[in-house]
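Data file: entry-v3.cif. Format and content: mmCIF, C-alpha atoms.
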data_model
#
loop_
_atom_site.label_atom_id
_atom_site.label_comp_id
_atom_site.auth_asym_id
_atom_site.auth_seq_id
_atom_site.Cartn_x
_atom_site.Cartn_y
_atom_site.Cartn_z
CA MET A 1 89.77 81.98 78.53
CA ALA A 2 88.92 85.64 78.42
CA SER A 3 85.88 86.41 80.56
CA GLY A 4 84.02 89.55 79.69
CA GLY A 5 85.09 89.87 76.09
CA PRO A 6 88.17 91.33 74.38
CA GLU A 7 87.51 94.94 75.46
CA ILE A 8 87.62 93.97 79.15
CA GLU A 9 90.57 91.63 78.66
CA GLN A 10 92.61 94.34 76.93
CA LEU A 11 91.77 96.89 79.61
CA ILE A 12 92.94 94.45 82.30
CA GLN A 13 96.19 93.77 80.45
CA LEU A 14 96.96 97.48 80.06
CA LEU A 15 96.11 98.34 83.67
CA ALA A 16 98.26 95.43 84.87
CA ARG A 17 101.29 97.21 83.35
CA LEU A 18 100.93 100.16 85.73
CA PRO A 19 103.39 100.15 88.64
CA GLY A 20 101.73 98.81 91.78
CA LEU A 21 99.09 96.82 89.88
CA GLY A 22 99.35 93.19 88.82
CA PRO A 23 96.93 91.00 86.87
CA ARG A 24 94.82 90.32 89.97
CA SER A 25 94.50 93.92 91.13
CA ALA A 26 93.96 95.06 87.52
CA ARG A 27 90.96 92.70 87.33
CA ARG A 28 89.61 94.11 90.60
CA ALA A 29 90.15 97.64 89.28
CA VAL A 30 88.26 96.88 86.05
CA LEU A 31 85.34 95.33 87.97
CA HIS A 32 85.27 98.43 90.17
CA LEU A 33 85.33 100.65 87.08
CA VAL A 34 82.43 98.78 85.48
CA LYS A 35 80.38 98.90 88.69
CA LYS A 36 81.00 102.64 89.03
CA LYS A 37 80.60 103.39 85.34
CA ASP A 38 79.05 106.84 85.69
CA GLN A 39 80.99 108.03 88.73
CA LEU A 40 84.43 106.67 87.82
CA MET A 41 84.83 104.88 84.48
CA ILE A 42 83.46 107.65 82.24
CA PRO A 43 85.29 110.49 84.11
CA LEU A 44 88.53 108.49 84.05
CA SER A 45 88.17 107.83 80.34
CA ALA A 46 87.59 111.54 79.71
CA ALA A 47 90.48 112.58 81.98
CA LEU A 48 92.85 110.22 80.16
CA ASP A 49 91.74 111.55 76.79
CA ARG A 50 92.40 115.13 77.95
CA ALA A 51 95.78 114.21 79.46
CA VAL A 52 96.91 112.42 76.29
CA VAL A 53 96.30 115.63 74.34
CA ALA A 54 97.53 118.15 76.90
CA VAL A 55 100.51 116.67 78.73
CA ARG A 56 104.03 117.42 77.54
CA THR A 57 107.55 117.46 78.94
CA CYS A 58 109.01 120.90 79.74
CA GLU A 59 111.88 121.59 77.32
CA VAL A 60 113.70 123.68 79.96
CA CYS A 61 113.61 121.56 83.12
CA GLY A 62 112.12 118.18 82.15
CA ASN A 63 109.01 118.55 84.34
CA ILE A 64 105.66 117.20 83.11
CA ASP A 65 103.02 119.84 82.52
CA THR A 66 100.45 121.01 80.04
CA MET A 67 102.72 123.76 78.77
CA SER A 68 106.39 124.08 77.86
CA PRO A 69 108.17 125.89 79.46
CA CYS A 70 106.23 124.45 82.40
CA SER A 71 104.31 126.55 84.94
CA ILE A 72 107.28 126.40 87.35
CA CYS A 73 109.85 127.55 84.76
CA ALA A 74 107.47 130.28 83.54
CA ASP A 75 106.71 131.58 87.04
CA PRO A 76 108.49 134.98 87.54
CA ARG A 77 108.01 134.77 91.33
CA ARG A 78 110.40 131.81 91.52
CA ASP A 79 113.36 134.13 91.81
CA SER A 80 115.28 132.76 94.81
CA GLY A 81 118.23 131.90 92.58
CA MET A 82 118.09 128.28 93.75
CA LEU A 83 118.05 125.40 91.26
CA ILE A 84 117.20 121.99 92.68
CA VAL A 85 118.47 119.03 90.64
CA VAL A 86 116.38 115.84 90.94
CA GLU A 87 116.49 112.42 89.33
CA ASP A 88 112.86 112.15 88.42
CA VAL A 89 109.63 114.14 88.07
CA ALA A 90 108.27 112.26 91.10
CA ASP A 91 111.05 113.82 93.22
CA LEU A 92 110.17 117.29 91.89
CA TRP A 93 106.54 116.73 92.86
CA ALA A 94 107.58 115.49 96.32
CA LEU A 95 109.63 118.67 96.90
CA GLU A 96 106.76 120.85 95.67
CA ARG A 97 104.39 119.09 98.09
CA ALA A 98 106.90 119.83 100.86
CA GLY A 99 106.63 123.52 99.94
CA VAL A 100 110.35 124.24 99.59
CA GLY A 101 109.86 127.82 98.40
CA PRO A 102 110.28 129.86 95.18
CA VAL A 103 112.88 127.55 93.62
CA LYS A 104 113.29 126.12 90.15
CA TYR A 105 114.10 122.54 89.21
CA HIS A 106 116.12 120.45 86.81
CA VAL A 107 115.06 116.85 86.14
CA LEU A 108 117.99 114.61 85.18
CA GLY A 109 115.79 111.78 84.01
CA GLY A 110 117.98 109.16 85.67
CA VAL A 111 121.31 108.65 87.38
CA LEU A 112 124.68 107.47 86.12
CA SER A 113 124.82 103.69 86.21
CA PRO A 114 127.63 102.12 84.18
CA LEU A 115 126.30 98.61 84.89
CA ASP A 116 122.97 99.52 83.26
CA GLY A 117 124.71 101.38 80.45
CA VAL A 118 123.56 104.83 81.61
CA GLY A 119 126.32 107.37 80.90
CA PRO A 120 126.48 111.19 81.09
CA ASP A 121 124.92 111.51 77.62
CA ASP A 122 121.81 109.61 78.72
CA ILE A 123 120.80 112.09 81.43
CA SER A 124 120.22 115.86 81.14
CA VAL A 125 123.65 117.05 82.32
CA ASP A 126 124.54 119.30 79.38
CA SER A 127 121.33 121.31 79.69
CA LEU A 128 121.98 121.58 83.43
CA LEU A 129 125.47 123.00 82.77
CA ALA A 130 123.92 125.50 80.37
CA ARG A 131 121.35 126.62 82.94
CA ALA A 132 123.57 126.65 86.05
CA PRO A 133 125.22 130.09 85.50
CA GLN A 134 121.78 131.75 85.84
CA PHE A 135 121.52 130.53 89.45
CA LYS A 136 123.25 131.42 92.71
CA GLU A 137 122.99 127.91 94.12
CA VAL A 138 122.55 124.43 92.66
CA VAL A 139 121.18 121.88 95.16
CA LEU A 140 121.84 118.27 94.19
CA ALA A 141 118.72 116.52 95.54
CA VAL A 142 119.54 113.10 94.09
CA ASN A 143 118.66 109.94 95.98
CA ALA A 144 121.08 108.78 98.68
CA THR A 145 121.97 105.65 96.71
CA VAL A 146 125.38 104.70 95.31
CA GLU A 147 124.31 105.73 91.79
CA GLY A 148 122.80 108.96 93.07
CA GLN A 149 125.97 109.91 94.94
CA THR A 150 128.16 109.00 91.95
CA THR A 151 125.99 111.25 89.80
CA ALA A 152 126.25 114.06 92.38
CA HIS A 153 130.07 113.81 92.37
CA TYR A 154 130.17 113.84 88.58
CA ILE A 155 127.88 116.89 88.33
CA THR A 156 129.82 118.73 91.06
CA ASP A 157 133.03 118.26 89.04
CA ARG A 158 131.38 119.49 85.86
CA LEU A 159 129.87 122.54 87.64
CA VAL A 160 133.28 123.87 88.77
CA GLY A 161 133.62 127.33 87.24
CA SER A 162 129.90 127.82 86.62
CA GLY A 163 129.75 130.44 89.36
CA ALA A 164 126.95 128.66 91.22
CA LYS A 165 127.46 127.28 94.71
CA VAL A 166 126.84 123.51 94.71
CA THR A 167 125.16 121.95 97.75
CA ARG A 168 123.42 118.70 98.63
CA LEU A 169 120.53 117.73 100.92
CA ALA A 170 121.38 117.03 104.57
CA HIS A 171 121.64 113.44 105.73
CA GLY A 172 120.19 112.57 109.12
CA VAL A 173 117.34 111.09 111.12
CA PRO A 174 114.01 111.38 109.25
CA VAL A 175 111.41 113.46 111.12
CA GLY A 176 109.31 110.98 113.09
CA GLY A 177 111.93 108.27 112.58
CA GLU A 178 113.05 105.88 115.30
CA LEU A 179 116.79 105.47 115.83
CA ASP A 180 116.39 101.75 116.39
CA TYR A 181 115.22 101.23 112.81
CA LEU A 182 117.89 103.37 111.12
CA ASP A 183 120.98 101.98 109.43
CA GLU A 184 124.47 102.69 110.76
CA GLY A 185 125.39 104.99 107.87
CA THR A 186 122.51 107.35 108.56
CA LEU A 187 123.17 107.33 112.30
CA SER A 188 126.87 108.13 111.99
CA GLN A 189 126.13 110.90 109.45
CA ALA A 190 123.48 112.31 111.78
CA LEU A 191 125.93 112.32 114.68
CA ARG A 192 128.69 113.97 112.65
CA ALA A 193 126.30 116.67 111.40
CA ARG A 194 124.78 117.27 114.85
CA THR A 195 123.57 120.81 115.56
CA GLU A 196 123.46 122.83 118.79
CA ILE A 197 119.99 123.13 120.38
CA MET B 1 99.85 122.70 95.20
CA ALA B 2 99.02 120.77 92.08
CA SER B 3 102.16 119.91 90.13
CA GLY B 4 101.69 119.22 86.47
CA GLY B 5 98.48 121.13 85.90
CA PRO B 6 94.79 120.31 86.45
CA GLU B 7 94.65 117.52 83.82
CA ILE B 8 97.35 115.54 85.65
CA GLU B 9 95.89 116.31 89.07
CA GLN B 10 92.45 115.09 88.05
CA LEU B 11 93.87 111.91 86.54
CA ILE B 12 95.72 111.20 89.79
CA GLN B 13 92.58 111.76 91.87
CA LEU B 14 90.50 109.42 89.70
CA LEU B 15 93.15 106.67 89.60
CA ALA B 16 93.53 106.93 93.40
CA ARG B 17 89.90 105.80 93.72
CA LEU B 18 90.65 102.40 92.16
CA PRO B 19 90.95 99.54 94.66
CA GLY B 20 94.60 98.81 95.41
CA LEU B 21 95.79 102.31 94.48
CA GLY B 22 96.22 105.26 96.86
CA PRO B 23 97.31 108.84 96.15
CA ARG B 24 100.98 107.87 96.15
CA SER B 25 100.70 104.89 93.80
CA ALA B 26 98.29 106.86 91.59
CA ARG B 27 100.99 109.54 91.17
CA ARG B 28 103.52 106.85 90.27
CA ALA B 29 101.05 105.33 87.83
CA VAL B 30 100.45 108.69 86.13
CA LEU B 31 104.18 109.38 85.81
CA HIS B 32 104.60 105.92 84.30
CA LEU B 33 101.73 106.63 81.89
CA VAL B 34 103.26 109.93 80.79
CA LYS B 35 106.67 108.35 80.28
CA LYS B 36 105.16 105.52 78.23
CA LYS B 37 102.75 107.75 76.36
CA ASP B 38 102.78 105.87 73.06
CA GLN B 39 103.08 102.34 74.43
CA LEU B 40 100.69 102.63 77.37
CA MET B 41 98.84 105.93 77.88
CA ILE B 42 97.30 106.20 74.42
CA PRO B 43 96.34 102.48 74.22
CA LEU B 44 94.84 102.64 77.74
CA SER B 45 92.87 105.75 76.85
CA ALA B 46 91.53 104.05 73.72
CA ALA B 47 90.75 100.81 75.59
CA LEU B 48 88.80 102.71 78.24
CA ASP B 49 86.84 104.59 75.59
CA ARG B 50 85.93 101.30 73.91
CA ALA B 51 85.02 99.64 77.21
CA VAL B 52 82.79 102.55 78.25
CA VAL B 53 80.78 102.09 75.07
CA ALA B 54 80.79 98.30 74.87
CA VAL B 55 80.56 96.89 78.39
CA ARG B 56 77.18 95.95 79.84
CA THR B 57 75.76 93.67 82.52
CA CYS B 58 74.15 90.41 81.32
CA GLU B 59 70.42 90.58 82.03
CA VAL B 60 70.28 86.80 82.51
CA CYS B 61 73.17 86.00 84.86
CA GLY B 62 74.66 89.36 85.96
CA ASN B 63 78.05 88.76 84.30
CA ILE B 64 79.90 91.68 82.71
CA ASP B 65 80.34 91.39 78.95
CA THR B 66 79.99 93.29 75.71
CA MET B 67 76.70 91.58 74.92
CA SER B 68 73.55 90.66 76.83
CA PRO B 69 72.85 87.75 77.20
CA CYS B 70 76.59 87.35 77.79
CA SER B 71 78.82 84.99 75.83
CA ILE B 72 78.52 82.36 78.57
CA CYS B 73 74.71 82.47 78.70
CA ALA B 74 74.55 82.46 74.89
CA ASP B 75 76.93 79.51 74.50
CA PRO B 76 74.93 76.39 73.45
CA ARG B 77 77.84 74.10 74.39
CA ARG B 78 77.41 74.96 78.08
CA ASP B 79 74.84 72.23 78.49
CA SER B 80 76.05 70.33 81.58
CA GLY B 81 72.90 71.33 83.45
CA MET B 82 75.01 72.84 86.24
CA LEU B 83 74.33 76.38 87.46
CA ILE B 84 77.01 77.88 89.72
CA VAL B 85 75.80 80.68 92.01
CA VAL B 86 78.47 83.26 92.94
CA GLU B 87 78.48 86.48 94.93
CA ASP B 88 80.37 88.60 92.48
CA VAL B 89 81.60 88.77 88.89
CA ALA B 90 85.16 88.38 90.20
CA ASP B 91 84.21 84.94 91.56
CA LEU B 92 82.74 83.98 88.17
CA TRP B 93 85.99 84.98 86.46
CA ALA B 94 88.01 83.02 89.02
CA LEU B 95 85.96 79.85 88.33
CA GLU B 96 86.32 80.38 84.57
CA ARG B 97 90.09 80.68 84.97
CA ALA B 98 90.02 77.41 86.92
CA GLY B 99 88.33 75.81 83.88
CA VAL B 100 85.40 74.23 85.71
CA GLY B 101 83.72 72.97 82.54
CA PRO B 102 80.62 73.72 80.43
CA VAL B 103 78.63 75.31 83.29
CA LYS B 104 76.50 78.42 83.54
CA TYR B 105 76.56 81.03 86.29
CA HIS B 106 74.32 83.25 88.34
CA VAL B 107 75.79 86.38 89.96
CA LEU B 108 73.96 87.36 93.15
CA GLY B 109 75.63 90.77 93.34
CA GLY B 110 76.16 90.49 97.09
CA VAL B 111 75.25 88.41 100.14
CA LEU B 112 72.58 88.79 102.78
CA SER B 113 73.83 91.07 105.52
CA PRO B 114 71.12 92.41 107.86
CA LEU B 115 73.66 94.63 109.64
CA ASP B 116 74.49 96.39 106.35
CA GLY B 117 70.82 96.52 105.38
CA VAL B 118 71.20 93.95 102.56
CA GLY B 119 68.04 91.83 102.38
CA PRO B 120 66.77 89.22 99.87
CA ASP B 121 65.37 91.95 97.60
CA ASP B 122 68.81 93.55 97.22
CA ILE B 123 70.45 90.50 95.63
CA SER B 124 69.37 88.54 92.55
CA VAL B 125 67.48 85.73 94.31
CA ASP B 126 64.18 85.99 92.45
CA SER B 127 65.84 85.70 89.04
CA LEU B 128 67.81 82.71 90.38
CA LEU B 129 64.59 80.99 91.46
CA ALA B 130 63.15 81.64 88.01
CA ARG B 131 66.21 80.11 86.30
CA ALA B 132 66.78 77.14 88.64
CA PRO B 133 64.14 74.74 87.15
CA GLN B 134 66.11 74.74 83.85
CA PHE B 135 69.10 73.11 85.60
CA LYS B 136 69.80 69.70 87.08
CA GLU B 137 72.11 71.02 89.80
CA VAL B 138 72.61 74.39 91.49
CA VAL B 139 76.05 74.79 93.12
CA LEU B 140 76.19 77.50 95.78
CA ALA B 141 79.76 78.81 95.36
CA VAL B 142 79.40 81.67 97.84
CA ASN B 143 82.31 82.69 100.01
CA ALA B 144 82.90 80.69 103.21
CA THR B 145 82.03 83.70 105.40
CA VAL B 146 79.15 83.99 107.87
CA GLU B 147 77.18 86.16 105.42
CA GLY B 148 77.96 83.79 102.55
CA GLN B 149 76.77 80.75 104.51
CA THR B 150 73.63 82.57 105.69
CA THR B 151 72.88 83.41 102.07
CA ALA B 152 73.48 79.78 101.05
CA HIS B 153 71.01 78.55 103.71
CA TYR B 154 68.41 81.09 102.61
CA ILE B 155 68.75 80.16 98.94
CA THR B 156 68.65 76.44 99.73
CA ASP B 157 65.33 76.93 101.55
CA ARG B 158 63.89 78.93 98.67
CA LEU B 159 65.04 76.35 96.08
CA VAL B 160 63.07 73.49 97.69
CA GLY B 161 60.65 72.23 95.03
CA SER B 162 62.57 73.73 92.09
CA GLY B 163 63.60 70.23 91.00
CA ALA B 164 67.32 71.11 90.97
CA LYS B 165 69.75 69.40 93.30
CA VAL B 166 71.43 72.00 95.53
CA THR B 167 75.12 71.53 96.42
CA ARG B 168 77.96 73.62 97.82
CA LEU B 169 81.74 73.71 97.27
CA ALA B 170 83.86 71.34 99.39
CA HIS B 171 85.67 72.73 102.42
CA GLY B 172 89.20 71.50 103.09
CA VAL B 173 92.90 72.10 102.84
CA PRO B 174 93.78 74.43 99.91
CA VAL B 175 96.07 72.81 97.33
CA GLY B 176 99.62 73.79 98.30
CA GLY B 177 98.42 74.89 101.74
CA GLU B 178 100.29 74.12 104.95
CA LEU B 179 98.28 72.62 107.81
CA ASP B 180 100.17 74.73 110.33
CA TYR B 181 98.74 77.93 108.87
CA LEU B 182 95.12 76.76 108.60
CA ASP B 183 92.40 77.67 111.07
CA GLU B 184 90.74 75.03 113.25
CA GLY B 185 87.41 75.23 111.38
CA THR B 186 89.01 74.32 108.06
CA LEU B 187 91.08 71.53 109.61
CA SER B 188 88.13 69.89 111.36
CA GLN B 189 86.00 70.15 108.19
CA ALA B 190 88.85 68.64 106.16
CA LEU B 191 89.16 65.74 108.62
CA ARG B 192 85.41 65.08 108.66
CA ALA B 193 85.26 65.10 104.84
CA ARG B 194 88.37 62.93 104.45
CA THR B 195 88.46 60.66 101.38
CA GLU B 196 90.02 57.25 100.83
CA ILE B 197 93.27 57.26 98.86
#
Could you take the file, read its structure, and then write that structure out as structure tokens?
Amino acid sequence: MASGGPEIEQLIQLLARLPGLGPRSARRAVLHLVKKKDQLMIPLSAALDRAVVAVRTCEVCGNIDTMSPCSICADPRRDSGMLIVVEDVADLWALERAGVGPVKYHVLGGVLSPLDGVGPDDISVDSLLARAPQFKEVVLAVNATVEGQTTAHYITDRLVGSGAKVTRLAHGVPVGGELDYLDEGTLSQALRARTEI
Amino acid sequence: MASGGPEIEQLIQLLARLPGLGPRSARRAVLHLVKKKDQLMIPLSAALDRAVVAVRTCEVCGNIDTMSPCSICADPRRDSGMLIVVEDVADLWALERAGVGPVKYHVLGGVLSPLDGVGPDDISVDSLLARAPQFKEVVLAVNATVEGQTTAHYITDRLVGSGAKVTRLAHGVPVGGELDYLDEGTLSQALRARTEI
């Protein structure tokens, strides 16, 4: 039985579809929203309304912003000549939070995965090839998974002749990481890529 | 730096204030919303708008519904004469999901907690005392915490002379629970309240 009426029930069902929330936490979230109606529920409702209208995907890089080209693509100070290729907008945001400098980005929107039926036409490779000649360096910042590395190899092959240097992120011990908890692959890569102090 | 513009940033900050979500999962949730704009973001925005307008607290029992008295209080088939007293609306919903029958509820909105400055005037005790004479039995379904039990004792004292029988939920082994993982208090209560097979 639906407690609280259809409006509440529908809100719970929609919130439960967000990543990280299930039916139970969605119910808790809705109760919290109703209790904090003025401080949280009404502002959230208004913010969602505004975002629905304003948010769009950048036609150049695939970032999410309120304008297209997005504020990163349109920024003339991002002139380092470095293009960072990421799988997902979340990775772009993570790099921006890390403050990696005046770079630009290209969001692939996925990685090659033949088992899941994701081929080169399903991710933004062609637009990357078109953009690459404008940059001095293309950094492949894809995840260190099998699919990510396959995608990196594929893109590297396609970028031959574009004039841009192709690089990838370093593998190694995460800052603050404990050796004991790291897998053998990371450790052997970190040892091979050791640097002089 | 805010990636994605102020609309996105504000949405993330508001979602991060929901229980069970932090800044990281709120970012993931917003990205998911933007990706599923038509299937999820727009329906959620509309559902929130509707809920903001429709949802209210029942003036009789404290339940959350779109009408007051709520659909439970207004239901003439809930005539078992049993009034279940709960701390919170979430507990009411949990009992409704369990299908406990044609009962009515009373939401206290908290428990007595002198350390947190919560006294009898801060929870709905007076309205409970006013309602109790209409019922044959008042079940105190407060949580099995120290504060919950203190509140149950207090309410029991106040209900003397109301004419309603006052009961509490049984303590014991949860269905599907393993004895090995239960605390001593529960086990000794379960042994004392053992029933013949």
Which distance in Å separates atom CA of Gly176 of chain B and atom CA of Gly99 of chain B, to one decimal?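 These two atoms are separated by 18.4 Å.
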Counting only C-alpha atoms, collect the residues of chain B whose closest atom lies at most 6 Å from chain A, and write them out as a list in words. Gly4, Gly5, Glu7, Leu11, Leu18, Pro19, Ala29, Ser45, Ala47, Leu48, Asp49, Ala51, Ile64 and Asp65 of chain B
Please write the residues picked by the PyMOL selection byres ((chain A and resi 124) around 12) on this file as a PyMOL selection string. chain A and resi 59-63+85-88+106-112+118-123+125-131+151+155
Atom pair atom CA of Gly148 of chain B + atom CA of Arg168 of chain B, distance 11.2 Å
May I have the residues within 10 Å of segment 158-164 of chain B as JSON, numbers by chain, using all atoms listed in the file and disregarding those fewer than 4 positions away in the same chain? {"B": [81, 82, 83, 125, 126, 128, 129, 130, 131, 132, 133, 134, 135, 136, 137, 138, 139, 152, 153, 154]}
Quick one: pull the distance between atom CA of Asp183 of chain A and atom CA of Pro23 of chain B, Å, one decimal.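 So the two atoms, atom CA of Asp183 of chain A and atom CA of Pro23 of chain B, lie 28.0 Å apart.
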